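Student: Input structure: protein18.cif, which contains mmCIF, C-alpha atoms.
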data_upload
loop_
_atom_site.label_atom_id
_atom_site.label_comp_id
_atom_site.auth_asym_id
_atom_site.auth_seq_id
_atom_site.Cartn_x
_atom_site.Cartn_y
_atom_site.Cartn_z
CA MET A 1 -48.77 -190.46 -170.39
CA THR A 2 -50.42 -187.80 -172.59
CA LYS A 3 -54.18 -187.50 -172.20
CA HIS A 4 -56.53 -189.11 -174.72
CA THR A 5 -53.92 -190.07 -177.30
CA ASP A 6 -54.70 -193.76 -177.03
CA ILE A 7 -58.27 -193.51 -178.28
CA LYS A 8 -59.65 -191.61 -181.22
CA VAL A 9 -63.03 -190.64 -182.62
CA PRO A 10 -64.37 -190.66 -186.20
CA ASP A 11 -63.40 -187.63 -188.32
CA GLY A 12 -65.52 -184.56 -187.61
CA TYR A 13 -67.22 -186.36 -184.74
CA PHE A 14 -67.29 -183.52 -182.22
CA ALA A 15 -68.80 -181.08 -184.73
CA SER A 16 -71.56 -183.55 -185.59
CA LEU A 17 -72.11 -184.41 -181.90
CA GLN A 18 -72.51 -180.76 -181.01
CA GLU A 19 -74.91 -180.25 -183.93
CA ARG A 20 -77.06 -183.18 -182.79
CA LEU A 21 -77.05 -182.03 -179.18
CA LEU A 22 -77.94 -178.47 -180.14
CA SER A 23 -80.97 -179.77 -182.06
CA ILE A 24 -82.46 -181.36 -178.91
CA PRO A 25 -84.61 -178.28 -178.02
CA GLU A 26 -86.05 -178.20 -181.53
CA LYS A 27 -86.88 -181.92 -181.45
CA GLN A 28 -88.46 -181.57 -178.03
CA SER A 29 -90.48 -178.53 -179.09
CA PRO A 30 -94.08 -178.53 -177.78
CA ARG A 31 -95.28 -177.53 -181.29
CA ARG A 32 -95.59 -181.23 -182.07
CA VAL A 33 -97.96 -181.71 -179.17
CA HIS A 34 -100.15 -178.81 -180.30
CA LEU A 35 -100.76 -180.46 -183.68
CA ALA A 36 -102.97 -183.13 -182.09
CA PRO A 37 -105.97 -180.85 -181.37
CA TYR A 38 -105.87 -179.57 -184.97
CA PHE A 39 -106.02 -183.13 -186.29
CA ALA A 40 -108.89 -183.90 -183.92
CA TYR A 41 -110.72 -180.75 -185.04
CA ALA A 42 -110.27 -181.63 -188.74
CA ALA A 43 -111.34 -185.23 -188.13
CA SER A 44 -114.51 -184.14 -186.31
CA LEU A 45 -115.39 -181.79 -189.19
CA VAL A 46 -115.02 -184.65 -191.67
CA VAL A 47 -117.21 -186.88 -189.48
CA LEU A 48 -119.86 -184.15 -189.25
CA ALA A 49 -119.83 -183.61 -193.03
CA LEU A 50 -120.17 -187.36 -193.68
CA ALA A 51 -122.97 -187.70 -191.14
CA GLY A 52 -124.83 -184.71 -192.67
CA THR A 53 -124.56 -186.14 -196.18
CA PHE A 54 -125.80 -189.52 -194.98
CA ILE A 55 -128.82 -188.01 -193.17
CA LEU A 56 -129.73 -185.85 -196.20
CA ARG A 57 -129.62 -188.83 -198.52
CA ARG A 58 -131.73 -190.91 -196.18
CA THR A 59 -134.33 -188.14 -195.84
CA ALA A 60 -134.61 -187.59 -199.63
CA VAL A 61 -135.20 -191.29 -200.28
CA THR A 62 -137.87 -191.51 -197.54
CA GLU A 63 -139.84 -188.57 -198.95
CA GLU A 64 -139.82 -190.00 -202.47
CA SER A 65 -140.91 -193.45 -201.23
CA SER A 66 -143.75 -192.07 -199.10
CA GLU A 67 -145.04 -189.97 -202.05
CA GLU A 68 -145.16 -193.04 -204.30
CA TRP A 69 -146.77 -195.13 -201.61
CA SER A 70 -149.57 -192.63 -200.83
CA TYR A 71 -150.31 -192.30 -204.55
CA VAL A 72 -150.69 -196.11 -204.93
CA SER A 73 -152.87 -196.31 -201.78
CA TYR A 74 -155.05 -193.55 -203.09
CA LEU A 75 -155.57 -195.38 -206.38
CA ALA A 76 -156.33 -198.66 -204.64
CA GLN A 77 -158.96 -197.07 -202.43
CA SER A 78 -160.57 -194.94 -205.17
CA LEU A 79 -160.75 -197.41 -208.01
CA ASP A 80 -162.17 -200.87 -208.34
CA PRO A 81 -160.27 -203.64 -206.58
CA ASP A 82 -159.05 -205.44 -209.71
CA LEU A 83 -158.04 -202.11 -211.36
CA THR A 84 -159.87 -202.96 -214.65
CA THR A 85 -161.04 -199.34 -215.09
CA TYR A 86 -157.42 -198.44 -215.67
CA ASP A 87 -157.26 -200.54 -218.82
CA GLY A 88 -159.17 -197.98 -220.89
CA LEU A 89 -157.66 -194.80 -219.42
CA THR A 90 -154.93 -192.71 -220.95
CA LEU A 91 -152.34 -190.97 -218.88
CA GLU A 92 -153.94 -187.57 -219.57
CA GLU A 93 -157.33 -188.80 -218.34
CA LEU A 94 -155.76 -190.14 -215.20
CA VAL A 95 -154.10 -186.80 -214.52
CA ASN A 96 -157.35 -184.92 -215.18
CA TYR A 97 -159.24 -187.23 -212.92
CA GLU A 98 -156.80 -186.61 -210.18
CA GLU A 99 -157.08 -182.82 -210.58
CA ASP A 100 -160.94 -182.88 -210.37
CA TYR A 101 -160.84 -184.87 -207.27
CA MET B 1 -81.74 -162.46 -169.42
CA GLN B 2 -80.79 -165.62 -171.33
CA THR B 3 -83.50 -167.89 -172.71
CA LYS B 4 -83.64 -171.59 -171.81
CA GLU B 5 -82.34 -172.46 -175.28
CA GLU B 6 -79.39 -170.05 -175.04
CA ILE B 7 -78.38 -171.50 -171.67
CA PHE B 8 -78.66 -175.02 -173.06
CA ASN B 9 -76.57 -174.13 -176.12
CA SER B 10 -73.78 -172.72 -173.98
CA ILE B 11 -73.87 -175.84 -171.74
CA VAL B 12 -73.50 -178.03 -174.85
CA ARG B 13 -70.62 -175.95 -176.23
CA GLU B 14 -68.72 -175.90 -172.95
CA ASN B 15 -69.28 -179.48 -171.80
CA SER B 16 -70.07 -181.89 -174.64
CA GLU B 17 -66.48 -182.76 -175.62
CA LYS B 18 -65.18 -183.00 -172.04
CA LEU B 19 -68.15 -185.16 -171.06
CA TYR B 20 -67.70 -187.38 -174.11
CA TRP B 21 -64.15 -188.26 -173.00
CA HIS B 22 -65.25 -188.92 -169.45
CA VAL B 23 -68.16 -191.16 -170.49
CA ARG B 24 -66.04 -192.89 -173.13
CA ARG B 25 -63.42 -193.76 -170.49
CA MET B 26 -66.15 -195.07 -168.19
CA VAL B 27 -67.97 -197.28 -170.74
CA ASN B 28 -65.04 -198.11 -173.08
CA SER B 29 -67.16 -197.87 -176.22
CA HIS B 30 -67.57 -195.02 -178.69
CA GLU B 31 -71.13 -196.04 -179.65
CA ASP B 32 -72.35 -196.31 -176.06
CA ALA B 33 -70.66 -193.02 -175.15
CA ASP B 34 -72.39 -191.35 -178.09
CA ASP B 35 -75.81 -192.73 -177.07
CA LEU B 36 -75.24 -191.75 -173.46
CA LEU B 37 -74.31 -188.19 -174.42
CA GLN B 38 -77.65 -187.85 -176.21
CA ASP B 39 -79.50 -189.17 -173.13
CA ILE B 40 -77.50 -186.93 -170.79
CA PHE B 41 -78.17 -183.74 -172.74
CA LEU B 42 -81.81 -184.65 -173.25
CA LYS B 43 -82.05 -184.96 -169.48
CA VAL B 44 -80.24 -181.63 -169.05
CA TRP B 45 -82.74 -179.94 -171.41
CA THR B 46 -85.72 -181.50 -169.62
CA ALA B 47 -84.38 -180.70 -166.13
CA LEU B 48 -83.25 -177.17 -166.98
CA PRO B 49 -86.47 -175.48 -165.72
CA SER B 50 -86.00 -177.20 -162.33
CA TYR B 51 -82.37 -176.01 -161.99
CA ARG B 52 -82.29 -174.06 -158.73
CA GLY B 53 -78.81 -172.60 -159.02
CA GLU B 54 -77.45 -174.34 -155.92
CA ALA B 55 -74.48 -175.57 -157.99
CA GLN B 56 -72.56 -174.17 -160.96
CA PHE B 57 -74.12 -175.18 -164.32
CA GLY B 58 -70.99 -177.21 -165.13
CA THR B 59 -71.15 -179.12 -161.83
CA TRP B 60 -74.88 -179.74 -162.23
CA VAL B 61 -74.40 -181.11 -165.76
CA TRP B 62 -71.49 -183.32 -164.68
CA ARG B 63 -73.62 -184.66 -161.85
CA ILE B 64 -76.35 -185.67 -164.31
CA ALA B 65 -73.73 -187.21 -166.60
CA THR B 66 -72.04 -189.26 -163.88
CA ASN B 67 -75.38 -190.52 -162.55
CA GLU B 68 -76.54 -191.52 -166.03
CA THR B 69 -73.23 -193.28 -166.67
CA LEU B 70 -73.35 -195.20 -163.39
CA ASN B 71 -76.94 -196.24 -164.16
CA PHE B 72 -75.83 -197.43 -167.58
CA LEU B 73 -73.00 -199.47 -166.04
CA ARG B 74 -75.41 -201.05 -163.55
CA ARG B 75 -77.64 -202.13 -166.43
CA GLU B 76 -74.59 -203.50 -168.24
CA LYS B 77 -73.68 -205.46 -165.10
CA VAL B 78 -77.11 -207.10 -165.14
CA ARG B 79 -76.84 -207.85 -168.88
CA ALA B 80 -73.42 -209.42 -168.31
CA ALA B 81 -74.81 -211.55 -165.47
CA ILE B 82 -77.63 -212.76 -167.73
CA ARG B 83 -74.98 -213.85 -170.25
CA LEU B 84 -73.20 -215.65 -167.34
CA SER B 85 -70.32 -213.22 -167.73
CA SER B 86 -69.04 -210.29 -165.62
CA ILE B 87 -68.84 -206.56 -166.17
CA ASP B 88 -65.00 -206.74 -165.86
CA ALA B 89 -64.84 -209.31 -168.65
CA GLU B 90 -67.21 -207.18 -170.75
CA MET B 91 -65.07 -204.05 -170.24
CA GLU B 92 -61.90 -205.96 -171.12
CA ARG B 93 -63.58 -207.32 -174.26
CA ARG B 94 -64.58 -203.77 -175.24
CA ILE B 95 -61.04 -202.45 -174.81
CA MET B 96 -59.57 -205.33 -176.81
CA ALA B 97 -62.16 -204.99 -179.62
CA ASP B 98 -62.33 -201.17 -179.74
CA PRO B 99 -61.82 -200.12 -183.39
CA PHE B 100 -60.97 -196.59 -182.22
CA PHE B 101 -58.17 -197.67 -179.88
CA ASP B 102 -54.96 -196.11 -181.15
CA GLY B 103 -52.49 -196.61 -178.34
CA THR B 104 -49.59 -198.83 -177.41
CA ALA B 105 -49.84 -202.25 -175.74
CA ALA B 106 -48.89 -200.60 -172.42
CA GLU B 107 -51.70 -198.06 -172.79
CA ARG B 108 -54.13 -200.89 -173.49
CA GLU B 109 -53.01 -202.66 -170.30
CA PHE B 110 -53.38 -199.41 -168.41
CA ALA B 111 -56.95 -198.98 -169.73
CA LYS B 112 -57.75 -202.56 -168.75
CA ALA B 113 -56.40 -202.06 -165.23
CA VAL B 114 -58.52 -198.90 -164.84
CA ALA B 115 -61.59 -200.73 -166.17
CA ARG B 116 -61.21 -203.35 -163.42
CA LEU B 117 -61.55 -200.74 -160.66
CA PRO B 118 -64.87 -200.58 -158.79
CA GLU B 119 -67.28 -198.12 -160.50
CA LYS B 120 -67.01 -195.18 -158.10
CA GLN B 121 -63.25 -195.56 -157.64
CA ARG B 122 -62.90 -195.67 -161.43
CA GLN B 123 -65.03 -192.55 -161.73
CA VAL B 124 -62.77 -190.64 -159.34
CA PHE B 125 -59.63 -191.98 -161.01
CA ILE B 126 -60.82 -190.96 -164.49
CA MET B 127 -61.86 -187.52 -163.25
CA ARG B 128 -58.40 -186.92 -161.79
CA TRP B 129 -56.15 -188.71 -164.26
CA TRP B 130 -57.75 -187.99 -167.63
CA ASP B 131 -60.31 -185.22 -167.01
CA GLU B 132 -57.88 -183.39 -164.70
CA LEU B 133 -60.65 -182.02 -162.48
CA PRO B 134 -59.62 -180.49 -159.14
CA TYR B 135 -60.67 -182.43 -156.03
CA GLU B 136 -63.01 -179.59 -155.02
CA GLU B 137 -64.94 -179.92 -158.27
CA ILE B 138 -65.07 -183.72 -158.04
CA SER B 139 -66.34 -183.27 -154.50
CA ALA B 140 -69.15 -180.96 -155.70
CA ILE B 141 -70.09 -183.43 -158.47
CA THR B 142 -70.04 -186.63 -156.42
CA GLY B 143 -71.10 -185.23 -153.06
CA THR B 144 -68.06 -186.85 -151.40
CA THR B 145 -65.56 -185.07 -149.16
CA VAL B 146 -62.19 -184.08 -150.58
CA GLY B 147 -60.44 -186.28 -148.00
CA ALA B 148 -62.43 -189.35 -149.05
CA LEU B 149 -61.74 -188.58 -152.72
CA LYS B 150 -57.99 -188.32 -152.12
CA ALA B 151 -58.02 -191.66 -150.29
CA SER B 152 -60.07 -193.24 -153.09
CA TYR B 153 -57.72 -191.92 -155.79
CA HIS B 154 -54.66 -193.10 -153.89
CA LEU B 155 -56.14 -196.58 -153.51
CA ALA B 156 -57.14 -196.72 -157.18
CA ARG B 157 -53.64 -195.70 -158.23
CA GLU B 158 -52.12 -198.43 -156.12
CA LYS B 159 -54.42 -201.02 -157.67
CA VAL B 160 -53.59 -199.89 -161.21
CA GLU B 161 -49.84 -199.93 -160.48
CA ALA B 162 -50.12 -203.40 -158.96
CA ALA B 163 -52.00 -204.67 -162.03
CA LEU B 164 -49.38 -203.19 -164.37
CA ASN B 165 -46.49 -204.61 -162.33
CA LEU B 166 -48.15 -208.01 -162.40
CA LYS B 167 -48.53 -207.81 -166.18
CA ALA B 168 -44.92 -206.64 -166.58
CA GLY B 169 -43.79 -209.61 -164.44
CA GLU B 170 -45.80 -212.00 -166.63
CA LEU B 171 -44.31 -210.56 -169.79
CA SER B 172 -40.72 -210.72 -168.49
CA LYS B 173 -41.00 -214.45 -167.73
#
When written as C-alpha coordinates, how does the structure in this file appear?
Tutor:
Amino acid sequence: MTKHTDIKVPDGYFASLQERLLSIPEKQSPRRVHLAPYFAYAASLVVLALAGTFILRRTAVTEESSEEWSYVSYLAQSLDPDLTTYDGLTLEELVNYEEDY
Amino acid sequence: MQTKEEIFNSIVRENSEKLYWHVRRMVNSHEDADDLLQDIFLKVWTALPSYRGEAQFGTWVWRIATNETLNFLRREKVRAAIRLSSIDAEMERRIMADPFFDGTAAEREFAKAVARLPEKQRQVFIMRWWDELPYEEISAITGTTVGALKASYHLAREKVEAALNLKAGELSK
(Lines of atoms letter the chains of each structure in order from A and count residues from 1; the text may use other names and numbers.)
(Lines give C-alpha, C1' and ligand atoms only; values in the text may rest on other atoms or scores of the structure.)
Protein backbone atom coordinates (compact mmCIF):
# COMPACT_ATOMS: atom_id res chain seq x y z
CA MET A 1 0.00 0.00 0.00
CA THR A 2 1.47 3.39 -0.97
CA LYS A 3 1.67 5.92 1.85
CA HIS A 4 -0.94 8.67 2.19
CA THR A 5 -2.67 8.12 -1.15
CA ASP A 6 -6.00 7.34 0.47
CA ILE A 7 -6.48 10.74 2.07
CA LYS A 8 -5.98 14.18 0.60
CA VAL A 9 -5.84 17.76 1.79
CA PRO A 10 -7.35 20.96 0.32
CA ASP A 11 -5.34 22.55 -2.51
CA GLY A 12 -2.37 24.59 -1.28
CA TYR A 13 -3.01 23.43 2.27
CA PHE A 14 0.59 22.79 3.32
CA ALA A 15 1.75 26.21 2.11
CA SER A 16 -1.02 27.93 4.06
CA LEU A 17 -0.40 25.74 7.13
CA GLN A 18 3.28 26.63 7.13
CA GLU A 19 2.45 30.32 6.72
CA ARG A 20 0.08 30.21 9.71
CA LEU A 21 2.55 28.31 11.85
CA LEU A 22 5.39 30.66 10.96
CA SER A 23 3.26 33.61 12.11
CA ILE A 24 2.94 32.20 15.65
CA PRO A 25 5.98 34.14 17.01
CA GLU A 26 4.59 37.39 15.63
CA LYS A 27 1.15 36.76 17.17
CA GLN A 28 2.73 35.85 20.49
CA SER A 29 4.97 38.91 20.46
CA PRO A 30 5.27 40.65 23.87
CA ARG A 31 4.73 44.02 22.10
CA ARG A 32 1.01 43.57 22.68
CA VAL A 33 1.56 43.28 26.41
CA HIS A 34 3.64 46.47 26.48
CA LEU A 35 0.76 48.50 25.03
CA ALA A 36 -1.20 48.23 28.29
CA PRO A 37 1.00 50.64 30.32
CA TYR A 38 0.77 53.22 27.53
CA PHE A 39 -3.03 53.04 27.59
CA ALA A 40 -2.98 53.35 31.39
CA TYR A 41 -0.65 56.35 31.16
CA ALA A 42 -2.87 58.07 28.57
CA ALA A 43 -6.01 57.32 30.59
CA SER A 44 -4.49 58.77 33.77
CA LEU A 45 -3.51 61.95 31.88
CA VAL A 46 -7.09 62.34 30.64
CA VAL A 47 -8.41 61.82 34.18
CA LEU A 48 -5.98 64.42 35.54
CA ALA A 49 -6.97 66.94 32.85
CA LEU A 50 -10.68 66.41 33.54
CA ALA A 51 -10.17 66.70 37.30
CA GLY A 52 -8.14 69.93 36.85
CA THR A 53 -10.81 71.49 34.64
CA PHE A 54 -13.52 70.54 37.14
CA ILE A 55 -11.61 72.04 40.10
CA LEU A 56 -10.87 75.27 38.18
CA ARG A 57 -14.51 75.71 37.26
CA ARG A 58 -15.63 75.09 40.81
CA THR A 59 -13.12 77.60 42.19
CA ALA A 60 -14.12 80.35 39.71
CA VAL A 61 -17.80 80.01 40.57
CA THR A 62 -17.09 80.12 44.33
CA GLU A 63 -15.07 83.34 44.06
CA GLU A 64 -17.76 85.07 42.02
CA SER A 65 -20.51 83.99 44.45
CA SER A 66 -18.58 85.11 47.54
CA GLU A 67 -17.89 88.54 45.95
CA GLU A 68 -21.59 89.06 45.26
CA TRP A 69 -22.56 87.86 48.69
CA SER A 70 -20.13 90.15 50.58
CA TYR A 71 -21.33 93.12 48.52
CA VAL A 72 -25.00 92.43 49.44
CA SER A 73 -24.08 91.94 53.13
CA TYR A 74 -22.20 95.18 53.12
CA LEU A 75 -25.20 97.04 51.70
CA ALA A 76 -27.57 95.45 54.19
CA GLN A 77 -25.41 96.44 57.15
CA SER A 78 -24.63 99.98 55.91
CA LEU A 79 -28.02 101.11 54.72
CA ASP A 80 -31.42 101.23 56.32
CA PRO A 81 -33.15 97.90 56.85
CA ASP A 82 -35.95 98.43 54.32
CA LEU A 83 -33.48 99.80 51.71
CA THR A 84 -35.67 102.89 50.98
CA THR A 85 -32.58 105.15 50.62
CA TYR A 86 -31.76 103.22 47.48
CA ASP A 87 -34.92 104.41 45.76
CA GLY A 88 -33.49 107.89 45.09
CA LEU A 89 -29.91 106.90 44.26
CA THR A 90 -28.42 106.58 40.81
CA LEU A 91 -25.85 103.98 39.98
CA GLU A 92 -23.10 106.62 39.81
CA GLU A 93 -23.95 107.87 43.31
CA LEU A 94 -23.86 104.37 44.65
CA VAL A 95 -20.43 103.82 43.14
CA ASN A 96 -19.15 107.13 44.52
CA TYR A 97 -20.51 106.33 47.92
CA GLU A 98 -18.71 103.07 47.90
CA GLU A 99 -15.41 104.72 46.91
CA ASP A 100 -15.62 107.31 49.77
CA TYR A 101 -16.23 104.67 52.27
CA MET B 1 24.05 31.70 16.98
CA GLN B 2 20.46 31.22 15.80
CA THR B 3 17.66 33.30 17.31
CA LYS B 4 14.62 31.67 18.90
CA GLU B 5 12.54 32.64 15.87
CA GLU B 6 15.03 31.16 13.38
CA ILE B 7 15.08 27.86 15.29
CA PHE B 8 11.28 27.83 15.40
CA ASN B 9 11.03 28.53 11.67
CA SER B 10 13.33 25.65 10.82
CA ILE B 11 11.34 23.33 13.13
CA VAL B 12 8.13 24.32 11.31
CA ARG B 13 9.68 23.80 7.87
CA GLU B 14 11.13 20.40 8.73
CA ASN B 15 8.26 18.95 10.75
CA SER B 16 4.88 20.53 9.98
CA GLU B 17 3.93 18.32 7.02
CA LYS B 18 5.19 15.07 8.58
CA LEU B 19 3.40 15.88 11.83
CA TYR B 20 0.20 16.78 10.00
CA TRP B 21 0.04 13.28 8.47
CA HIS B 22 0.76 11.63 11.79
CA VAL B 23 -1.87 13.64 13.66
CA ARG B 24 -4.37 13.24 10.83
CA ARG B 25 -3.97 9.44 10.98
CA MET B 26 -4.44 9.53 14.74
CA VAL B 27 -7.58 11.73 14.83
CA ASN B 28 -9.08 10.85 11.41
CA SER B 29 -10.22 14.41 10.72
CA HIS B 30 -8.60 17.15 8.66
CA GLU B 31 -10.13 19.97 10.76
CA ASP B 32 -9.05 18.49 14.08
CA ALA B 33 -5.57 17.75 12.73
CA ASP B 34 -5.29 21.36 11.56
CA ASP B 35 -6.37 22.72 14.97
CA LEU B 36 -4.02 20.36 16.76
CA LEU B 37 -1.07 21.42 14.61
CA GLN B 38 -1.67 25.03 15.66
CA ASP B 39 -1.78 24.00 19.34
CA ILE B 40 1.31 21.81 18.98
CA PHE B 41 3.44 24.52 17.37
CA LEU B 42 2.17 27.14 19.80
CA LYS B 43 3.36 24.85 22.57
CA VAL B 44 6.69 24.35 20.80
CA TRP B 45 7.17 28.13 20.55
CA THR B 46 6.25 28.64 24.22
CA ALA B 47 8.43 25.75 25.44
CA LEU B 48 11.42 26.59 23.22
CA PRO B 49 13.26 28.63 25.92
CA SER B 50 13.04 25.62 28.28
CA TYR B 51 14.49 23.20 25.68
CA ARG B 52 17.56 21.71 27.35
CA GLY B 53 19.01 19.88 24.37
CA GLU B 54 18.71 16.42 25.92
CA ALA B 55 16.94 15.22 22.74
CA GLN B 56 17.18 16.16 19.07
CA PHE B 57 14.84 19.06 18.15
CA GLY B 58 12.86 16.70 15.90
CA THR B 59 12.38 14.14 18.68
CA TRP B 60 11.43 16.85 21.18
CA VAL B 61 8.82 18.29 18.79
CA TRP B 62 7.39 14.84 18.01
CA ARG B 63 7.14 14.16 21.74
CA ILE B 64 5.09 17.32 22.23
CA ALA B 65 2.93 16.41 19.23
CA THR B 66 2.22 12.86 20.37
CA ASN B 67 1.38 14.00 23.90
CA GLU B 68 -0.98 16.69 22.61
CA THR B 69 -2.64 14.18 20.29
CA LEU B 70 -3.12 11.60 23.04
CA ASN B 71 -4.59 14.31 25.29
CA PHE B 72 -6.96 15.29 22.50
CA LEU B 73 -8.06 11.67 22.05
CA ARG B 74 -8.68 11.33 25.79
CA ARG B 75 -10.94 14.38 25.67
CA GLU B 76 -12.72 12.90 22.65
CA LYS B 77 -13.23 9.67 24.59
CA VAL B 78 -14.96 11.62 27.36
CA ARG B 79 -17.10 13.54 24.83
CA ALA B 80 -18.11 10.25 23.20
CA ALA B 81 -19.03 8.78 26.60
CA ILE B 82 -21.20 11.82 27.34
CA ARG B 83 -23.03 11.18 24.06
CA LEU B 84 -23.43 7.52 25.20
CA SER B 85 -21.17 6.48 22.34
CA SER B 86 -17.58 5.17 22.16
CA ILE B 87 -14.36 6.55 20.75
CA ASP B 88 -14.17 3.56 18.32
CA ALA B 89 -17.62 4.40 16.94
CA GLU B 90 -16.63 8.07 16.68
CA MET B 91 -13.42 7.22 14.77
CA GLU B 92 -15.32 4.91 12.42
CA ARG B 93 -17.91 7.64 11.81
CA ARG B 94 -15.10 10.10 11.00
CA ILE B 95 -13.50 7.72 8.50
CA MET B 96 -16.84 7.02 6.81
CA ALA B 97 -17.79 10.73 6.65
CA ASP B 98 -14.33 12.13 5.77
CA PRO B 99 -14.77 14.39 2.71
CA PHE B 100 -11.02 14.17 2.04
CA PHE B 101 -10.92 10.37 1.92
CA ASP B 102 -9.79 9.38 -1.55
CA GLY B 103 -8.99 5.70 -1.27
CA THR B 104 -10.49 2.34 -2.14
CA ALA B 105 -12.99 0.39 -0.02
CA ALA B 106 -10.12 -1.85 1.15
CA GLU B 107 -8.10 1.19 2.26
CA ARG B 108 -11.12 2.47 4.17
CA GLU B 109 -11.42 -0.89 5.95
CA PHE B 110 -7.72 -0.79 6.70
CA ALA B 111 -8.06 2.72 8.21
CA LYS B 112 -11.02 1.54 10.29
CA ALA B 113 -9.09 -1.48 11.59
CA VAL B 114 -6.17 0.78 12.58
CA ALA B 115 -8.56 3.23 14.27
CA ARG B 116 -9.87 0.41 16.48
CA LEU B 117 -6.41 -0.26 17.96
CA PRO B 118 -5.73 0.99 21.50
CA GLU B 119 -4.30 4.55 21.44
CA LYS B 120 -0.64 3.78 22.15
CA GLN B 121 -0.58 0.69 19.93
CA ARG B 122 -2.14 2.78 17.16
CA GLN B 123 0.47 5.48 17.70
CA VAL B 124 3.30 2.97 17.26
CA PHE B 125 1.62 1.36 14.27
CA ILE B 126 1.11 4.72 12.52
CA MET B 127 4.69 5.77 13.25
CA ARG B 128 6.02 2.57 11.67
CA TRP B 129 3.55 1.96 8.86
CA TRP B 130 2.79 5.44 7.54
CA ASP B 131 5.42 7.74 9.09
CA GLU B 132 8.16 5.14 8.50
CA LEU B 133 10.11 6.16 11.60
CA PRO B 134 12.89 3.81 12.76
CA TYR B 135 12.26 1.99 16.05
CA GLU B 136 15.13 3.92 17.68
CA GLU B 137 13.43 7.23 16.93
CA ILE B 138 10.02 5.97 18.09
CA SER B 139 11.75 4.80 21.25
CA ALA B 140 13.22 8.29 21.85
CA ILE B 141 9.82 9.91 21.24
CA THR B 142 7.68 7.58 23.35
CA GLY B 143 10.22 6.67 26.02
CA THR B 144 9.57 2.95 25.39
CA THR B 145 12.23 0.33 24.73
CA VAL B 146 12.80 -0.86 21.17
CA GLY B 147 11.89 -4.42 22.22
CA ALA B 148 8.55 -3.32 23.64
CA LEU B 149 7.85 -1.27 20.51
CA LYS B 150 8.56 -4.23 18.23
CA ALA B 151 6.21 -6.40 20.28
CA SER B 152 3.53 -3.69 20.20
CA TYR B 153 3.83 -3.25 16.43
CA HIS B 154 3.68 -7.00 15.84
CA LEU B 155 0.55 -7.28 17.98
CA ALA B 156 -1.09 -4.31 16.25
CA ARG B 157 -0.35 -5.82 12.84
CA GLU B 158 -1.93 -9.09 13.85
CA LYS B 159 -5.06 -7.30 15.04
CA VAL B 160 -5.36 -5.31 11.81
CA GLU B 161 -4.88 -8.45 9.69
CA ALA B 162 -7.48 -10.30 11.74
CA ALA B 163 -9.97 -7.44 11.30
CA LEU B 164 -9.37 -7.36 7.54
CA ASN B 165 -9.69 -11.15 7.22
CA LEU B 166 -12.94 -11.00 9.15
CA LYS B 167 -14.26 -8.29 6.83
CA ALA B 168 -13.13 -10.24 3.75
CA GLY B 169 -14.94 -13.32 5.12
CA GLU B 170 -18.12 -11.28 5.62
CA LEU B 171 -17.94 -9.90 2.10
CA SER B 172 -17.36 -13.32 0.51
CA LYS B 173 -20.50 -14.78 2.11
Student: Rank nothing, just name the residue among B:Arg157, B:Arg108, B:Arg74, B:Lys173 nearest to chain A, using all atoms listed in the file.
Tutor: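 Of the candidates, the smallest distance to chain A is held by B:Arg108.
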Student: I'd like the neighbourhood of Tyr51 in chain B as a PyMOL selection string, where a residue qualifies if any of its atoms comes within 12 Å (using all atoms listed in the file), though same-chain residues fewer than 5 positions away should be ignored.
Tutor: chain B and resi 4+7-8+43-46+56-61+64
Student: One decimal, in Å: what's the spacing between CA of Lys150 in chain B and CA of Lys120 in chain B?
Tutor: 12.8 Å
Student: Could you tell me which residues the PyMOL selection byres ((chain B and resi 159-165) around 10) grabs in this file, written as a PyMOL selection string?
Tutor: chain B and resi 106+109-117+125+153-158+166-171
Student: Keeping C-alpha atoms for every residue in the selection just given, could you write it to a file as an mmCIF file, keeping the file's coordinate frame?
Tutor:
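Result file follows (selection-v2.cif):
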data_model
loop_
_atom_site.group_PDB
_atom_site.id
_atom_site.type_symbol
_atom_site.label_atom_id
_atom_site.label_comp_id
_atom_site.auth_asym_id
_atom_site.auth_seq_id
_atom_site.Cartn_x
_atom_site.Cartn_y
_atom_site.Cartn_z
ATOM 1 C CA ALA B 106 -48.890 -200.600 -172.420
ATOM 2 C CA GLU B 109 -53.010 -202.660 -170.300
ATOM 3 C CA PHE B 110 -53.380 -199.410 -168.410
ATOM 4 C CA ALA B 111 -56.950 -198.980 -169.730
ATOM 5 C CA LYS B 112 -57.750 -202.560 -168.750
ATOM 6 C CA ALA B 113 -56.400 -202.060 -165.230
ATOM 7 C CA VAL B 114 -58.520 -198.900 -164.840
ATOM 8 C CA ALA B 115 -61.590 -200.730 -166.170
ATOM 9 C CA ARG B 116 -61.210 -203.350 -163.420
ATOM 10 C CA LEU B 117 -61.550 -200.740 -160.660
ATOM 11 C CA PHE B 125 -59.630 -191.980 -161.010
ATOM 12 C CA TYR B 153 -57.720 -191.920 -155.790
ATOM 13 C CA HIS B 154 -54.660 -193.100 -153.890
ATOM 14 C CA LEU B 155 -56.140 -196.580 -153.510
ATOM 15 C CA ALA B 156 -57.140 -196.720 -157.180
ATOM 16 C CA ARG B 157 -53.640 -195.700 -158.230
ATOM 17 C CA GLU B 158 -52.120 -198.430 -156.120
ATOM 18 C CA LEU B 166 -48.150 -208.010 -162.400
ATOM 19 C CA LYS B 167 -48.530 -207.810 -166.180
ATOM 20 C CA ALA B 168 -44.920 -206.640 -166.580
ATOM 21 C CA GLY B 169 -43.790 -209.610 -164.440
ATOM 22 C CA GLU B 170 -45.800 -212.000 -166.630
ATOM 23 C CA LEU B 171 -44.310 -210.560 -169.790
#
Student: Could you jot down the CA of Ala43 in chain A to CA of Glu26 in chain A separation for me, Å, one decimal place?
Tutor: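 Spanning CA of Ala43 in chain A to CA of Glu26 in chain A is a straight-line distance of 27.1 Å.
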Student: What does the PyMOL selection byres ((chain A and resi 4-9) around 7) select in this file, as a ChimeraX atom specification?
Tutor: /A:2-3,10-11,13 /B:100-103,107
